[in-house]
Amino acid sequence: MTSLLEIKDLHASIDDREILKGINLTVNPGEVHAIMGPNGSGKSTLASVLAGKADYTVTQGSVLLNGNDLLELAPEDRSREGMFLAFQYPVEIPGVSTANFLKSAVNEHRKYRGEEPLEPAAFLALMKQKMQLVEMDPSFLQRSLNEGFSGGEKKRNEIFQMAMLEPKLAVLDETDSGLDIDALRIVAGGVNALRSPHNATVVITHYQRLLDYIVPDVVHVLWNGRIVRSGDKSLALELEKRGYDWIKNESEVEA
Amino acid sequence: MSPLATSIRQAYQDSVAQLNGASTLPFHVSRAEALERFLDVGVPTVRHEEWKYTNVMPLAAASWSHNASSWSNTAPATAGVVLDGLQDAIRIEVRNGVITRNAEDTLPDGVTVAALSTGNIQDANVEQFHAHPFAAATIALAGEGILIDVADGAVCTKTIHISVFCDAEEGDHLTTTRVLVRAGRHAKVDIVESHHTLGNARVLDLAVCSVLVGEGGHVTYVKILDDTDRLHHLGHIVASVDRTGTFASHSMNINAGFVRNDAQVRLIGEQSQGFLFGVSVLDGAQYVDNHTVVDHVVPHCHSEELYKGVYNGSSTGVFNGKIFVRPQAQKTTAYQSSHSLLLSGKAQVNAKPQLEIWADDVKCSHGATTGQLNEDAVFYLQARGLERSKAVAMLTNAFAAEVIEKLPHAGLQQHLLLRLADKLGASGL
């Protein structure tokens, strides 16, 4: 079986400060991986580097998505190749309606695959169907993208976009932050509904709470730019109980 | 005297020489006065406070032929510009200052369009024009002028579209256009003025527009500049608004080499309202100066200003916004904002809000921002599969569209949004 995502010895810096110091991670189709870790360990940097944010420089290592060199691609081509980042802080974009934005995005993806743009009626029907996954009201479609949305609405909108784009690899960056328990349940329900044997999900989170709803196959702990421990979902429960200090102490001893 | 000032004086003399007995008409008497006012000041230099950023010396250094009657043979006498969204408009065409099409038979009841020169109309805004050297020059040179008169209670249900053609085959050519709009009590009219060059001459396109809004009247005035870099436009619009009347100016600067737009609203009747909107999209070495004055003369009036500019290449923009609130103008609400988006490191903008408030019970605000595109927003769109150029175009369109969407014509909005997208696309963003 070819792995969907294969990260080898990934090093990345921002402003000459090294944040990722040799990440190794393999994700197979159908799997859910959770990446946990204390603040500043490099979780969001990993997500940004995978999506292609220009602020970060990859200094070493490789990332393959479906066997293709992801690091060679512009952010838009990573998206078209099936990479999706659900942003921790979705950007508010005044004047661009959610519907128009998604129409452009979906049609860019279709063009990349050599498909015709969707007819307006078919597109509207698709949007309405996918919105139900995250219980979003269709009135959001005409509103400016994320503008004035509550924290929960922004995160639901991210999952709605994910549903529209049907990525092979979804990276959810702290999607649970700022969500109350109802919103968390809705967002997680959307993610679970989109799971298939052909795609994979990487959930980046601080807390174990989200993993009650999106159950991971593998849990990794990121600390100081490296994955210092991997295990099954019981590792998340142990972290919840004991905190991160024991991991930090152990990894320092190993270092 | 600069070659431009000499050209203006000479053009005036040539023009009045042909008047014969008509020179005693009030219209032509006022032209003589305006010429004097122009010659008092001459072409302003950057030492003049109102022209501090806008250097017209390159224009002043040339000699300009005026309102040539020898039209270029590159286009038919009636070029017939019909803008998308204005197919149903009442069309008036002016070519080198002369009315060449006046669709009188299509006018609704109560609406008159006539040559301003033949009537006996007093322009209550004339002092404002005299204070501006190019406006004074325009009044001195405009030999005909257009009067749009909307009688008390009349509603002009169709938009009136004035196409201004500046027509000369080559060289440096000066045209002057003067419009007076008089809307009676509870009268309503929407006017669009678009400027076009014909032929290959470099054009200095001077235009004044005076708007008198009667009690409860409603006038919108849209100016569209969407031509070539040959177009150098200096325009001045002044509106005086009586009790409960409303005036809105929309200045759509899509493509022109050099633009100085003065827009002035005088709120002279209580509970009147003035709106000034402007959008400018520049690239290359294009230049725009939006100079606005809102004068709150009486209490209980409301004004709003929103100007936005997108600057690419080595283009330059100026926004100068004055708000006066006179001592008696209590309960004024006046809001002004100007926002500029710099898409290139070589583009620049000067913004100068000036609020002079003498009344103490008012709500006034102003805000001016100049910035680059939000890179986080560009990345967000890219991360969803949009190419960088499309992401930039989408964000820039959204930025400018806020002003275009204030236009009262849905069709014209669509047309201008497409033109905007074309220009931003052509800039190779």
# chains A, B, ... in the order shown; residues from 1 in each chain; ligands from 1
>>> residues_around(residues="segment 66-77 of chain A", least_positions_apart="6", cutoff="8 Å", atoms="only C-alpha atoms", output="PDB file with all heavy atoms, in the first residue's frame")
ATOM      1  N   THR A   2       0.600   2.173  -0.940  1.00  0.00           N
ATOM      2  CA  THR A   2       1.335   3.444  -0.932  1.00  0.00           C
ATOM      3  C   THR A   2       0.788   4.296   0.191  1.00  0.00           C
ATOM      4  O   THR A   2      -0.425   4.388   0.365  1.00  0.00           O
ATOM      5  CB  THR A   2       1.098   4.254  -2.237  1.00  0.00           C
ATOM      6  OG1 THR A   2       0.545   3.392  -3.205  1.00  0.00           O
ATOM      7  CG2 THR A   2       2.349   4.935  -2.694  1.00  0.00           C
ATOM      8  N   SER A   3       1.667   4.950   0.911  1.00  0.00           N
ATOM      9  CA  SER A   3       1.167   5.862   1.936  1.00  0.00           C
ATOM     10  C   SER A   3       0.677   7.137   1.267  1.00  0.00           C
ATOM     11  O   SER A   3       1.125   7.512   0.186  1.00  0.00           O
ATOM     12  CB  SER A   3       2.262   6.158   2.950  1.00  0.00           C
ATOM     13  OG  SER A   3       3.432   6.565   2.276  1.00  0.00           O
ATOM     14  N   LEU A   4      -0.275   7.796   1.943  1.00  0.00           N
ATOM     15  CA  LEU A   4      -0.855   9.020   1.401  1.00  0.00           C
ATOM     16  C   LEU A   4       0.081  10.192   1.664  1.00  0.00           C
ATOM     17  O   LEU A   4       0.328  11.017   0.790  1.00  0.00           O
ATOM     18  CB  LEU A   4      -2.225   9.248   2.062  1.00  0.00           C
ATOM     19  CG  LEU A   4      -3.064  10.381   1.546  1.00  0.00           C
ATOM     20  CD1 LEU A   4      -3.328  10.229   0.058  1.00  0.00           C
ATOM     21  CD2 LEU A   4      -4.390  10.396   2.302  1.00  0.00           C
ATOM     22  N   LEU A   5       0.582  10.234   2.868  1.00  0.00           N
ATOM     23  CA  LEU A   5       1.508  11.309   3.252  1.00  0.00           C
ATOM     24  C   LEU A   5       2.750  10.683   3.843  1.00  0.00           C
ATOM     25  O   LEU A   5       2.655   9.801   4.701  1.00  0.00           O
ATOM     26  CB  LEU A   5       0.843  12.224   4.296  1.00  0.00           C
ATOM     27  CG  LEU A   5       1.713  13.371   4.839  1.00  0.00           C
ATOM     28  CD1 LEU A   5       1.942  14.430   3.774  1.00  0.00           C
ATOM     29  CD2 LEU A   5       1.084  13.972   6.086  1.00  0.00           C
ATOM     30  N   LEU A  50       3.005  22.307   5.482  1.00  0.00           N
ATOM     31  CA  LEU A  50       2.345  21.381   4.558  1.00  0.00           C
ATOM     32  C   LEU A  50       1.477  22.131   3.548  1.00  0.00           C
ATOM     33  O   LEU A  50       1.396  21.766   2.386  1.00  0.00           O
ATOM     34  CB  LEU A  50       1.489  20.364   5.333  1.00  0.00           C
ATOM     35  CG  LEU A  50       2.265  19.353   6.190  1.00  0.00           C
ATOM     36  CD1 LEU A  50       1.304  18.456   6.960  1.00  0.00           C
ATOM     37  CD2 LEU A  50       3.215  18.515   5.324  1.00  0.00           C
ATOM     38  N   ALA A  51       0.838  23.232   4.012  1.00  0.00           N
ATOM     39  CA  ALA A  51      -0.037  23.985   3.106  1.00  0.00           C
ATOM     40  C   ALA A  51       0.746  24.919   2.193  1.00  0.00           C
ATOM     41  O   ALA A  51       0.219  25.413   1.211  1.00  0.00           O
ATOM     42  CB  ALA A  51      -1.061  24.787   3.913  1.00  0.00           C
ATOM     43  N   GLY A  52       2.003  25.198   2.552  1.00  0.00           N
ATOM     44  CA  GLY A  52       2.858  25.987   1.651  1.00  0.00           C
ATOM     45  C   GLY A  52       2.932  27.465   1.986  1.00  0.00           C
ATOM     46  O   GLY A  52       3.152  28.299   1.109  1.00  0.00           O
ATOM     47  N   LYS A  53       2.771  27.809   3.255  1.00  0.00           N
ATOM     48  CA  LYS A  53       2.857  29.223   3.631  1.00  0.00           C
ATOM     49  C   LYS A  53       4.287  29.723   3.453  1.00  0.00           C
ATOM     50  O   LYS A  53       5.241  29.094   3.897  1.00  0.00           O
ATOM     51  CB  LYS A  53       2.409  29.402   5.085  1.00  0.00           C
ATOM     52  CG  LYS A  53       2.007  30.817   5.429  1.00  0.00           C
ATOM     53  CD  LYS A  53       1.211  30.796   6.726  1.00  0.00           C
ATOM     54  CE  LYS A  53       0.509  32.063   7.114  1.00  0.00           C
ATOM     55  NZ  LYS A  53       0.901  33.313   6.725  1.00  0.00           N
TER      56      LYS A  53
ATOM     57  N   PHE B 379      -3.078  33.997   0.994  1.00  0.00           N
ATOM     58  CA  PHE B 379      -2.693  32.605   1.249  1.00  0.00           C
ATOM     59  C   PHE B 379      -3.921  31.728   1.488  1.00  0.00           C
ATOM     60  O   PHE B 379      -4.002  30.591   1.013  1.00  0.00           O
ATOM     61  CB  PHE B 379      -1.735  32.518   2.443  1.00  0.00           C
ATOM     62  CG  PHE B 379      -1.348  31.109   2.802  1.00  0.00           C
ATOM     63  CD1 PHE B 379      -0.562  30.363   1.933  1.00  0.00           C
ATOM     64  CD2 PHE B 379      -1.787  30.519   3.974  1.00  0.00           C
ATOM     65  CE1 PHE B 379      -0.215  29.051   2.233  1.00  0.00           C
ATOM     66  CE2 PHE B 379      -1.450  29.206   4.285  1.00  0.00           C
ATOM     67  CZ  PHE B 379      -0.664  28.474   3.410  1.00  0.00           C
ATOM     68  N   GLN B 382      -5.335  30.947  -1.801  1.00  0.00           N
ATOM     69  CA  GLN B 382      -4.440  30.011  -2.499  1.00  0.00           C
ATOM     70  C   GLN B 382      -4.591  28.602  -1.941  1.00  0.00           C
ATOM     71  O   GLN B 382      -4.593  27.625  -2.690  1.00  0.00           O
ATOM     72  CB  GLN B 382      -2.988  30.452  -2.342  1.00  0.00           C
ATOM     73  CG  GLN B 382      -2.558  31.541  -3.295  1.00  0.00           C
ATOM     74  CD  GLN B 382      -1.071  31.805  -3.120  1.00  0.00           C
ATOM     75  OE1 GLN B 382      -0.664  32.442  -2.152  1.00  0.00           O
ATOM     76  NE2 GLN B 382      -0.258  31.323  -4.034  1.00  0.00           N
ATOM     77  N   ALA B 383      -4.713  28.539  -0.622  1.00  0.00           N
ATOM     78  CA  ALA B 383      -4.802  27.225   0.021  1.00  0.00           C
ATOM     79  C   ALA B 383      -6.096  26.501  -0.345  1.00  0.00           C
ATOM     80  O   ALA B 383      -6.265  25.334  -0.040  1.00  0.00           O
ATOM     81  CB  ALA B 383      -4.697  27.369   1.540  1.00  0.00           C
ATOM     82  N   ARG B 384      -7.030  27.222  -0.991  1.00  0.00           N
ATOM     83  CA  ARG B 384      -8.258  26.580  -1.461  1.00  0.00           C
ATOM     84  C   ARG B 384      -8.216  26.330  -2.970  1.00  0.00           C
ATOM     85  O   ARG B 384      -9.224  25.997  -3.584  1.00  0.00           O
ATOM     86  CB  ARG B 384      -9.473  27.454  -1.116  1.00  0.00           C
ATOM     87  CG  ARG B 384      -9.689  27.629   0.379  1.00  0.00           C
ATOM     88  CD  ARG B 384     -10.078  26.316   1.065  1.00  0.00           C
ATOM     89  NE  ARG B 384     -10.240  26.478   2.508  1.00  0.00           N
ATOM     90  CZ  ARG B 384      -9.333  26.122   3.407  1.00  0.00           C
ATOM     91  NH1 ARG B 384      -8.184  25.582   3.026  1.00  0.00           N
ATOM     92  NH2 ARG B 384      -9.551  26.287   4.690  1.00  0.00           N
ATOM     93  N   GLY B 385      -7.050  26.606  -3.579  1.00  0.00           N
ATOM     94  CA  GLY B 385      -6.889  26.223  -4.978  1.00  0.00           C
ATOM     95  C   GLY B 385      -6.888  27.370  -5.969  1.00  0.00           C
ATOM     96  O   GLY B 385      -6.853  27.146  -7.174  1.00  0.00           O
ATOM     97  N   LEU B 386      -6.948  28.630  -5.482  1.00  0.00           N
ATOM     98  CA  LEU B 386      -6.909  29.757  -6.410  1.00  0.00           C
ATOM     99  C   LEU B 386      -5.459  30.170  -6.646  1.00  0.00           C
ATOM    100  O   LEU B 386      -4.683  30.316  -5.693  1.00  0.00           O
ATOM    101  CB  LEU B 386      -7.685  30.954  -5.846  1.00  0.00           C
ATOM    102  CG  LEU B 386      -9.183  30.972  -6.114  1.00  0.00           C
ATOM    103  CD1 LEU B 386      -9.896  29.861  -5.364  1.00  0.00           C
ATOM    104  CD2 LEU B 386      -9.770  32.316  -5.726  1.00  0.00           C
ATOM    105  N   GLU B 387      -5.117  30.398  -7.911  1.00  0.00           N
ATOM    106  CA  GLU B 387      -3.779  30.907  -8.202  1.00  0.00           C
ATOM    107  C   GLU B 387      -3.579  32.252  -7.517  1.00  0.00           C
ATOM    108  O   GLU B 387      -4.537  32.990  -7.320  1.00  0.00           O
ATOM    109  CB  GLU B 387      -3.632  31.158  -9.701  1.00  0.00           C
ATOM    110  CG  GLU B 387      -3.182  29.972 -10.480  1.00  0.00           C
ATOM    111  CD  GLU B 387      -3.624  30.099 -11.917  1.00  0.00           C
ATOM    112  OE1 GLU B 387      -3.364  31.164 -12.485  1.00  0.00           O
ATOM    113  OE2 GLU B 387      -4.240  29.153 -12.428  1.00  0.00           O
ATOM    114  N   ARG B 388      -2.334  32.562  -7.249  1.00  0.00           N
ATOM    115  CA  ARG B 388      -2.056  33.828  -6.584  1.00  0.00           C
ATOM    116  C   ARG B 388      -2.679  35.006  -7.345  1.00  0.00           C
ATOM    117  O   ARG B 388      -3.294  35.892  -6.752  1.00  0.00           O
ATOM    118  CB  ARG B 388      -0.540  34.028  -6.448  1.00  0.00           C
ATOM    119  CG  ARG B 388      -0.217  35.287  -5.691  1.00  0.00           C
ATOM    120  CD  ARG B 388       1.246  35.561  -5.436  1.00  0.00           C
ATOM    121  NE  ARG B 388       1.350  36.919  -4.931  1.00  0.00           N
ATOM    122  CZ  ARG B 388       1.209  37.257  -3.663  1.00  0.00           C
ATOM    123  NH1 ARG B 388       0.995  36.319  -2.756  1.00  0.00           N
ATOM    124  NH2 ARG B 388       1.262  38.513  -3.273  1.00  0.00           N
TER     125      ARG B 388
END
>>> residues_around(residues="segment 121-128 of chain A", least_positions_apart="4", cutoff="8 Å", atoms="only C-alpha atoms", output="number ranges by chain")
A: 103, 132, 138, 164
>>> write_last_selection(atoms="N, CA, C and O atoms", output="short mmCIF file (atom, residue, chain, number, x, y, z; two decimals), in the first residue's frame")
data_model
loop_
_atom_site.label_atom_id
_atom_site.label_comp_id
_atom_site.auth_asym_id
_atom_site.auth_seq_id
_atom_site.Cartn_x
_atom_site.Cartn_y
_atom_site.Cartn_z
N LYS A 103 -17.26 28.80 -5.45
CA LYS A 103 -17.44 28.49 -6.86
C LYS A 103 -16.09 28.55 -7.57
O LYS A 103 -15.73 27.66 -8.35
N GLN A 132 -25.45 21.00 5.00
CA GLN A 132 -26.23 20.25 6.01
C GLN A 132 -25.32 19.43 6.91
O GLN A 132 -25.64 19.20 8.07
N PRO A 138 -28.12 28.26 4.84
CA PRO A 138 -27.76 28.73 3.50
C PRO A 138 -27.57 30.24 3.40
O PRO A 138 -26.94 30.73 2.46
N MET A 164 -16.79 20.46 0.33
CA MET A 164 -16.94 20.85 -1.07
C MET A 164 -15.74 20.41 -1.90
O MET A 164 -15.86 20.07 -3.07
#
>>> select_by_dssp(residues="segment 96-303 of chain B", states="alpha helix (DSSP H)", output="list in words")
Val126, Glu127, Gln128, Phe129, His130, Pro133, Phe134, Ala135, Ala136, Ala137, Thr138, Ile139, Ala140 and Leu141 of chain B
>>> closest_atom_pairs(of="chain A", to="chain B", cutoff="9 Å", atoms="only C-alpha atoms", output="JSON lines")
{"residue": "A:Ala51", "atom": "CA", "partner": "B:Ala383", "partner_atom": "CA", "distance": 6.5}
{"residue": "A:Gly52", "atom": "CA", "partner": "B:Ala383", "partner_atom": "CA", "distance": 7.9}
{"residue": "A:Lys53", "atom": "CA", "partner": "B:Phe379", "partner_atom": "CA", "distance": 6.9}
{"residue": "A:Ala54", "atom": "CA", "partner": "B:Phe379", "partner_atom": "CA", "distance": 8.6}
{"residue": "A:Ala74", "atom": "CA", "partner": "B:Gln382", "partner_atom": "CA", "distance": 8.4}
{"residue": "A:Pro75", "atom": "CA", "partner": "B:Ala383", "partner_atom": "CA", "distance": 5.4}
{"residue": "A:Glu76", "atom": "CA", "partner": "B:Gly385", "partner_atom": "CA", "distance": 4.1}
{"residue": "A:Asp77", "atom": "CA", "partner": "B:Gly385", "partner_atom": "CA", "distance": 6.5}
{"residue": "A:Arg78", "atom": "CA", "partner": "B:Ala383", "partner_atom": "CA", "distance": 7.6}
{"residue": "A:Ser79", "atom": "CA", "partner": "B:Gly385", "partner_atom": "CA", "distance": 5.1}
{"residue": "A:Arg80", "atom": "CA", "partner": "B:Gly385", "partner_atom": "CA", "distance": 5.7}
{"residue": "A:Met83", "atom": "CA", "partner": "B:Ala383", "partner_atom": "CA", "distance": 8.5}
{"residue": "A:Phe84", "atom": "CA", "partner": "B:Ala383", "partner_atom": "CA", "distance": 7.3}
{"residue": "A:Leu85", "atom": "CA", "partner": "B:Ala383", "partner_atom": "CA", "distance": 7.2}
{"residue": "A:Phe87", "atom": "CA", "partner": "B:Tyr380", "partner_atom": "CA", "distance": 8.3}
{"residue": "A:Pro90", "atom": "CA", "partner": "B:Tyr380", "partner_atom": "CA", "distance": 7.7}
{"residue": "A:Val91", "atom": "CA", "partner": "B:Ala377", "partner_atom": "CA", "distance": 5.9}
{"residue": "A:Glu92", "atom": "CA", "partner": "B:Ala377", "partner_atom": "CA", "distance": 7.5}
{"residue": "A:Ile93", "atom": "CA", "partner": "B:Ala377", "partner_atom": "CA", "distance": 6.8}
{"residue": "A:Pro94", "atom": "CA", "partner": "B:Ala398", "partner_atom": "CA", "distance": 7.0}
{"residue": "A:Gly95", "atom": "CA", "partner": "B:Ala398", "partner_atom": "CA", "distance": 4.6}
{"residue": "A:Val96", "atom": "CA", "partner": "B:Ala398", "partner_atom": "CA", "distance": 5.9}
{"residue": "A:Phe101", "atom": "CA", "partner": "B:Leu381", "partner_atom": "CA", "distance": 8.2}
{"residue": "A:Leu102", "atom": "CA", "partner": "B:Arg384", "partner_atom": "CA", "distance": 8.4}
{"residue": "A:Ser104", "atom": "CA", "partner": "B:Leu386", "partner_atom": "CA", "distance": 7.2}
{"residue": "A:Ala105", "atom": "CA", "partner": "B:Gly385", "partner_atom": "CA", "distance": 5.5}
{"residue": "A:Val106", "atom": "CA", "partner": "B:Gly385", "partner_atom": "CA", "distance": 7.9}
{"residue": "A:Glu108", "atom": "CA", "partner": "B:Gly385", "partner_atom": "CA", "distance": 6.2}
{"residue": "A:His109", "atom": "CA", "partner": "B:Gly385", "partner_atom": "CA", "distance": 6.5}
{"residue": "A:Gln161", "atom": "CA", "partner": "B:Arg384", "partner_atom": "CA", "distance": 8.4}
{"residue": "A:Leu165", "atom": "CA", "partner": "B:Arg384", "partner_atom": "CA", "distance": 8.2}
>>> closest_residue(among="B:Trp64, B:Trp51, B:Phe129, B:Tyr307", to="Pro3 of chain B", atoms="only C-alpha atoms")
B:Trp64
>>> atom_distance(atom1="atom CA of Ala368 of chain B", atom2="atom CA of Ser314 of chain B")
20.6 Å
>>> residues_around(residues="segment 248-252 of chain A", least_positions_apart="4", cutoff="9 Å", atoms="only C-alpha atoms", output="JSON, numbers by chain")
{"A": [223, 224, 228, 229, 244]}
>>> select_by_dssp(residues="segment 28-212 of chain A", states="strand (DSSP E)", output="short mmCIF file (atom, residue, chain, number, x, y, z; two decimals) with N, CA, C and O atoms, in the first residue's frame")
data_model
loop_
_atom_site.label_atom_id
_atom_site.label_comp_id
_atom_site.auth_asym_id
_atom_site.auth_seq_id
_atom_site.Cartn_x
_atom_site.Cartn_y
_atom_site.Cartn_z
N VAL A 32 -6.80 8.11 10.65
CA VAL A 32 -6.86 9.40 11.33
C VAL A 32 -5.68 9.48 12.29
O VAL A 32 -5.51 8.59 13.14
N HIS A 33 -4.87 10.48 12.13
CA HIS A 33 -3.75 10.70 13.05
C HIS A 33 -4.00 11.96 13.86
O HIS A 33 -4.50 12.95 13.32
N ALA A 34 -3.68 11.91 15.12
CA ALA A 34 -3.75 13.11 15.95
C ALA A 34 -2.34 13.54 16.29
O ALA A 34 -1.48 12.71 16.59
N ILE A 35 -2.11 14.84 16.18
CA ILE A 35 -0.82 15.38 16.62
C ILE A 35 -1.09 16.30 17.79
O ILE A 35 -1.84 17.28 17.67
N MET A 36 -0.53 15.93 18.92
CA MET A 36 -0.74 16.72 20.14
C MET A 36 0.58 17.29 20.59
O MET A 36 1.64 16.89 20.11
N THR A 57 10.67 28.46 5.77
CA THR A 57 11.64 27.90 4.84
C THR A 57 11.93 26.46 5.25
O THR A 57 12.28 26.21 6.41
N VAL A 58 11.75 25.57 4.29
CA VAL A 58 12.11 24.18 4.56
C VAL A 58 13.61 24.04 4.30
O VAL A 58 14.10 24.35 3.21
N THR A 59 14.35 23.63 5.30
CA THR A 59 15.81 23.57 5.17
C THR A 59 16.30 22.16 4.90
O THR A 59 17.43 21.96 4.47
N GLN A 60 15.46 21.17 5.17
CA GLN A 60 15.91 19.78 5.02
C GLN A 60 14.70 18.86 5.01
O GLN A 60 13.67 19.20 5.57
N GLY A 61 14.85 17.73 4.37
CA GLY A 61 13.81 16.71 4.42
C GLY A 61 12.88 16.72 3.23
O GLY A 61 13.04 17.52 2.30
N SER A 62 11.89 15.83 3.26
CA SER A 62 10.98 15.70 2.12
C SER A 62 9.56 15.42 2.60
O SER A 62 9.35 14.92 3.70
N VAL A 63 8.60 15.82 1.74
CA VAL A 63 7.19 15.51 2.00
C VAL A 63 6.59 14.98 0.70
O VAL A 63 6.63 15.67 -0.33
N LEU A 64 6.07 13.78 0.74
CA LEU A 64 5.39 13.23 -0.44
C LEU A 64 3.90 13.12 -0.15
O LEU A 64 3.50 12.63 0.90
N LEU A 65 3.08 13.62 -1.08
CA LEU A 65 1.63 13.43 -1.01
C LEU A 65 1.27 12.54 -2.19
O LEU A 65 1.48 12.93 -3.34
N ASN A 68 3.90 12.29 -4.76
CA ASN A 68 4.39 13.52 -5.41
C ASN A 68 5.08 14.42 -4.40
O ASN A 68 4.64 14.53 -3.25
N ASP A 69 6.12 15.10 -4.87
CA ASP A 69 6.87 16.00 -4.00
C ASP A 69 6.01 17.23 -3.69
O ASP A 69 5.83 18.12 -4.53
N MET A 83 -4.57 18.38 -0.90
CA MET A 83 -4.19 18.79 0.45
C MET A 83 -5.18 19.85 0.92
O MET A 83 -5.50 20.78 0.18
N PHE A 84 -5.69 19.70 2.14
CA PHE A 84 -6.60 20.70 2.67
C PHE A 84 -6.19 21.07 4.08
O PHE A 84 -6.02 20.20 4.93
N LEU A 85 -6.03 22.35 4.33
CA LEU A 85 -5.75 22.82 5.68
C LEU A 85 -6.98 23.55 6.21
O LEU A 85 -7.43 24.54 5.62
N ALA A 86 -7.53 23.03 7.32
CA ALA A 86 -8.58 23.79 8.02
C ALA A 86 -7.84 24.72 8.98
O ALA A 86 -7.14 24.27 9.88
N ILE A 93 -12.73 37.82 4.95
CA ILE A 93 -12.50 38.45 3.65
C ILE A 93 -13.73 39.26 3.25
O ILE A 93 -14.66 38.73 2.65
N PRO A 94 -13.74 40.55 3.56
CA PRO A 94 -14.89 41.39 3.23
C PRO A 94 -15.08 41.50 1.73
O PRO A 94 -14.10 41.57 0.97
N GLY A 95 -16.31 41.48 1.30
CA GLY A 95 -16.61 41.74 -0.11
C GLY A 95 -16.57 40.50 -1.00
O GLY A 95 -16.93 40.57 -2.16
N VAL A 96 -16.09 39.38 -0.47
CA VAL A 96 -16.08 38.14 -1.26
C VAL A 96 -17.09 37.20 -0.61
O VAL A 96 -16.90 36.79 0.53
N SER A 97 -18.16 36.88 -1.32
CA SER A 97 -19.17 36.02 -0.70
C SER A 97 -18.66 34.59 -0.64
O SER A 97 -17.87 34.15 -1.48
N SER A 144 -20.23 37.82 3.30
CA SER A 144 -18.79 37.87 3.04
C SER A 144 -18.10 36.76 3.83
O SER A 144 -18.44 36.51 4.98
N LEU A 145 -17.11 36.18 3.20
CA LEU A 145 -16.41 35.01 3.74
C LEU A 145 -15.86 35.29 5.15
O LEU A 145 -14.99 36.15 5.31
N LEU A 169 -6.11 14.53 1.76
CA LEU A 169 -5.52 14.68 3.09
C LEU A 169 -6.04 15.98 3.69
O LEU A 169 -5.83 17.06 3.14
N ALA A 170 -6.73 15.85 4.83
CA ALA A 170 -7.20 17.04 5.53
C ALA A 170 -6.38 17.22 6.79
O ALA A 170 -6.20 16.27 7.56
N VAL A 171 -5.84 18.42 6.97
CA VAL A 171 -5.11 18.74 8.19
C VAL A 171 -5.95 19.75 8.95
O VAL A 171 -6.22 20.85 8.45
N LEU A 172 -6.42 19.36 10.12
CA LEU A 172 -7.27 20.25 10.92
C LEU A 172 -6.42 20.88 12.01
O LEU A 172 -5.99 20.19 12.93
N ASP A 173 -6.16 22.18 11.85
CA ASP A 173 -5.26 22.86 12.79
C ASP A 173 -6.07 23.47 13.92
O ASP A 173 -6.72 24.50 13.74
N ALA A 200 -7.46 10.65 4.26
CA ALA A 200 -6.92 10.58 5.61
C ALA A 200 -7.02 11.94 6.26
O ALA A 200 -7.15 12.96 5.58
N THR A 201 -6.99 11.93 7.60
CA THR A 201 -7.15 13.16 8.36
C THR A 201 -6.04 13.26 9.39
O THR A 201 -5.74 12.27 10.07
N VAL A 202 -5.44 14.45 9.47
CA VAL A 202 -4.49 14.72 10.54
C VAL A 202 -5.11 15.80 11.42
O VAL A 202 -5.41 16.89 10.96
N VAL A 203 -5.35 15.44 12.67
CA VAL A 203 -6.00 16.37 13.60
C VAL A 203 -4.94 16.93 14.54
O VAL A 203 -4.31 16.18 15.27
N ILE A 204 -4.74 18.23 14.45
CA ILE A 204 -3.80 18.87 15.35
C ILE A 204 -4.59 19.46 16.50
O ILE A 204 -5.53 20.23 16.27
N THR A 205 -4.26 19.07 17.68
CA THR A 205 -5.03 19.58 18.81
C THR A 205 -4.20 19.63 20.08
O THR A 205 -3.20 18.95 20.23
#
>>> residues_around(residues="Gly225 of chain A", least_positions_apart="5", cutoff="7 Å", atoms="only C-alpha atoms", output="list in words")
Ile19, Leu20, Lys21, Gly22, Ser41 and Gly42 of chain A
>>> residues_around(residues="Asp227 of chain B", least_positions_apart="5", cutoff="7 Å", atoms="only C-alpha atoms", output="PDB file with N, CA and C atoms, in the first residue's frame")
ATOM      1  N   HIS B 196     -14.533  60.668 -23.272  1.00  0.00           N
ATOM      2  CA  HIS B 196     -13.873  59.806 -24.258  1.00  0.00           C
ATOM      3  C   HIS B 196     -12.985  60.639 -25.159  1.00  0.00           C
ATOM      4  N   THR B 197     -11.822  60.111 -25.485  1.00  0.00           N
ATOM      5  CA  THR B 197     -11.002  60.774 -26.501  1.00  0.00           C
ATOM      6  C   THR B 197     -11.265  60.108 -27.850  1.00  0.00           C
ATOM      7  N   ASN B 255      -9.825  54.354 -15.994  1.00  0.00           N
ATOM      8  CA  ASN B 255      -8.592  54.439 -16.790  1.00  0.00           C
ATOM      9  C   ASN B 255      -8.446  55.828 -17.408  1.00  0.00           C
ATOM     10  N   ALA B 256      -7.409  56.541 -17.002  1.00  0.00           N
ATOM     11  CA  ALA B 256      -7.086  57.851 -17.566  1.00  0.00           C
ATOM     12  C   ALA B 256      -5.659  58.177 -17.135  1.00  0.00           C
TER      13      ALA B 256
END
>>> residues_around(residues="segment 404-416 of chain B", least_positions_apart="5", cutoff="7 Å", atoms="only C-alpha atoms", output="MDAnalysis selection string")
chainID B and resid 84:86
